[in-house]
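What follows is a single structure, written as structure tokens, with notes after it.
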Amino acid sequence: MINLEQFTPLPSLSGGLLIGIAASLLVLFCGRIAGISGILVGVLPKRGKIIEKWRLAFLAGLILAPLLYTAFFHHPDVTLSTSTPGLLLAGFLVGVGTRLGSGCTSGHGVCGLSRFSIRSLVATLVFMVVGFATATLIGYFQW
């Protein structure tokens, strides 16, 4: 059930629009897809590889934007009902799914679907179904 105190349709819509604009600008001006997992992998050190500065700037923006937002605007308090080990396990499983699916929500769900990619459609459907099933099971069993 949605907690109406934490229901934020306007900031959520604004965030979605900004994600779409950022993805569009990255494709138009840089010819790059805004797949966050691919951008992150691109900054990991590899022998003889030069890190592209745009990747660092993009990741810095992902970190700084919410910090700046919270500094200037009111936001609802966030409450976590999951333990730290549960969060770590969830993060690990998201990483595994990202590798198995050859991309993440931004790469497949935002950029791939907008390019009418069948592979991205299948990947998005799979991770959405798995996400719904996981949330339902966790809620049902009170994990």
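Ligands are numbered from 1 in the order shown, residues from 1 within each chain, and chains are lettered A, B, ... in the order they appear in the structure tokens.
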Test item: residues at most 12 Å from Gly97 in chain A, only C-alpha atoms, excluding those fewer than 5 positions along its chain, as a VMD selection string: chain A and resid 37 90 to 92 102 to 105 123 to 124 126 to 128 130 to 131
Residue selection dump (N, CA and C atoms) as a short mmCIF file (atom, residue, chain, number, x, y, z; two decimals), in the first residue's frame:
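Below you can see selection.cif, which holds the result:
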data_model
loop_
_atom_site.label_atom_id
_atom_site.label_comp_id
_atom_site.auth_asym_id
_atom_site.auth_seq_id
_atom_site.Cartn_x
_atom_site.Cartn_y
_atom_site.Cartn_z
N SER A 37 25.06 1.04 -15.60
CA SER A 37 25.98 -0.06 -15.31
C SER A 37 27.16 -0.04 -16.29
N ALA A 90 20.42 -7.58 -1.47
CA ALA A 90 19.62 -7.02 -2.57
C ALA A 90 20.52 -6.33 -3.59
N GLY A 91 21.47 -5.53 -3.13
CA GLY A 91 22.40 -4.86 -4.03
C GLY A 91 23.22 -5.84 -4.84
N PHE A 92 23.68 -6.90 -4.18
CA PHE A 92 24.45 -7.94 -4.87
C PHE A 92 23.60 -8.61 -5.95
N SER A 102 22.80 -8.12 -19.29
CA SER A 102 23.64 -7.25 -20.13
C SER A 102 23.19 -5.79 -20.08
N GLY A 103 22.83 -5.34 -18.89
CA GLY A 103 22.43 -3.94 -18.74
C GLY A 103 21.47 -3.76 -17.59
N CYS A 104 21.09 -2.52 -17.39
CA CYS A 104 20.26 -2.16 -16.24
C CYS A 104 19.00 -1.43 -16.70
N THR A 105 18.26 -0.92 -15.73
CA THR A 105 17.01 -0.22 -16.06
C THR A 105 17.24 0.99 -16.94
N ALA A 123 14.27 -7.79 -21.67
CA ALA A 123 15.01 -7.58 -20.42
C ALA A 123 14.18 -6.78 -19.43
N THR A 124 13.52 -5.73 -19.90
CA THR A 124 12.70 -4.89 -19.01
C THR A 124 11.52 -5.69 -18.46
N VAL A 126 11.37 -8.92 -18.02
CA VAL A 126 11.89 -9.91 -17.07
C VAL A 126 12.22 -9.26 -15.74
N PHE A 127 12.95 -8.13 -15.75
CA PHE A 127 13.30 -7.57 -14.43
C PHE A 127 12.11 -6.95 -13.73
N MET A 128 11.11 -6.50 -14.46
CA MET A 128 9.91 -5.99 -13.80
C MET A 128 9.11 -7.13 -13.16
N VAL A 130 10.27 -10.07 -12.19
CA VAL A 130 11.05 -10.55 -11.04
C VAL A 130 10.95 -9.57 -9.88
N GLY A 131 10.99 -8.28 -10.16
CA GLY A 131 10.85 -7.27 -9.11
C GLY A 131 9.50 -7.33 -8.43
#
Atom-to-atom span, CA of His74 in chain A and CA of Ala60 in chain A, Å: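 Between CA of His74 in chain A and CA of Ala60 in chain A the gap is 22.2 Å.
Residues in contact with Leu125 in chain A at 12 Å, where only C-alpha atoms are counted and same-chain residues fewer than 6 positions away are skipped, are listed as Gly101, Cys104, Thr105, His108, Gly109, Leu113, Ile118, Arg119, Gly131 and Phe132 of chain A.
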Print the selection's residues with N, CA and C atoms to a file, as a CSV table (one decimal), in the first residue's frame.
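Result file follows (part11.csv):
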chain,number,residue,atom,x,y,z
A,101,GLY,N,21.6,-9.8,-17.5
A,101,GLY,CA,20.7,-9.1,-18.5
A,101,GLY,C,21.5,-8.2,-19.4
A,104,CYS,N,21.1,-2.5,-17.4
A,104,CYS,CA,20.3,-2.2,-16.2
A,104,CYS,C,19.0,-1.4,-16.7
A,105,THR,N,18.3,-0.9,-15.7
A,105,THR,CA,17.0,-0.2,-16.1
A,105,THR,C,17.2,1.0,-16.9
A,108,HIS,N,18.4,-0.5,-20.6
A,108,HIS,CA,17.3,-1.2,-21.3
A,108,HIS,C,16.0,-0.5,-21.2
A,109,GLY,N,15.6,-0.1,-20.0
A,109,GLY,CA,14.3,0.5,-19.7
A,109,GLY,C,14.1,1.9,-20.3
A,113,LEU,N,14.3,0.8,-24.7
A,113,LEU,CA,12.8,0.9,-25.1
A,113,LEU,C,12.6,2.0,-26.1
A,118,ILE,N,14.0,-4.9,-29.2
A,118,ILE,CA,13.3,-6.1,-28.7
A,118,ILE,C,14.0,-6.7,-27.5
A,119,ARG,N,15.3,-6.8,-27.6
A,119,ARG,CA,16.1,-7.3,-26.5
A,119,ARG,C,15.9,-6.5,-25.2
A,131,GLY,N,11.0,-8.3,-10.2
A,131,GLY,CA,10.8,-7.3,-9.1
A,131,GLY,C,9.5,-7.3,-8.4
A,132,PHE,N,8.4,-7.4,-9.2
A,132,PHE,CA,7.1,-7.6,-8.6
A,132,PHE,C,7.0,-8.8,-7.8
Among listed residues A:Leu89, A:Ile33, A:Leu4, A:Leu137, nearest Arg115 in chain A (using only C-alpha atoms):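 Distance minimum relative to Arg115 in chain A lands on A:Ile33.
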Which residues of range 82-123 of chain A come within 10 Å of range 14-25 of chain A, and for each one, what is the closest pair of atoms and their distance in Å to one decimal, counting only C-alpha atoms, sorted by chain and residue number, as a tab-separated table?
residue	atom	partner	partner_atom	distance
A:Ser106	CA	A:Ala23	CA	8.6
A:Gly107	CA	A:Ala23	CA	9.4
A:Val110	CA	A:Gly20	CA	7.3
A:Cys111	CA	A:Ala23	CA	7.0
A:Ser114	CA	A:Gly20	CA	9.7
Go ahead and save the picked residues with C-alpha atoms, as an mmCIF file, in the first residue's frame.
data_model
loop_
_atom_site.group_PDB
_atom_site.id
_atom_site.type_symbol
_atom_site.label_atom_id
_atom_site.label_comp_id
_atom_site.auth_asym_id
_atom_site.auth_seq_id
_atom_site.Cartn_x
_atom_site.Cartn_y
_atom_site.Cartn_z
ATOM 1 C CA SER A 106 18.529 2.905 -17.529
ATOM 2 C CA GLY A 107 20.184 1.102 -20.425
ATOM 3 C CA VAL A 110 15.000 4.073 -20.708
ATOM 4 C CA CYS A 111 17.358 3.994 -23.672
ATOM 5 C CA SER A 114 13.018 4.328 -26.689
#
Picked from range 2-128 of chain A by DSSP as helix (DSSP H, G or I), as an MDAnalysis selection string: chainID A and resid 9:30 36:43 53:72 84:100 105:114 118:128
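Between CA of Leu68 in chain A and CA of Leu87 in chain A the separation is 24.6 Å.
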Contacts of His75 in chain A within 9 Å, only C-alpha atoms, excl. fewer than 4 positions in-chain, as a PyMOL selection string: chain A and resi 6+69-70
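Computed from the coordinates, the CA of Gly61 in chain A to CA of Ile36 in chain A distance equals 11.8 Å.
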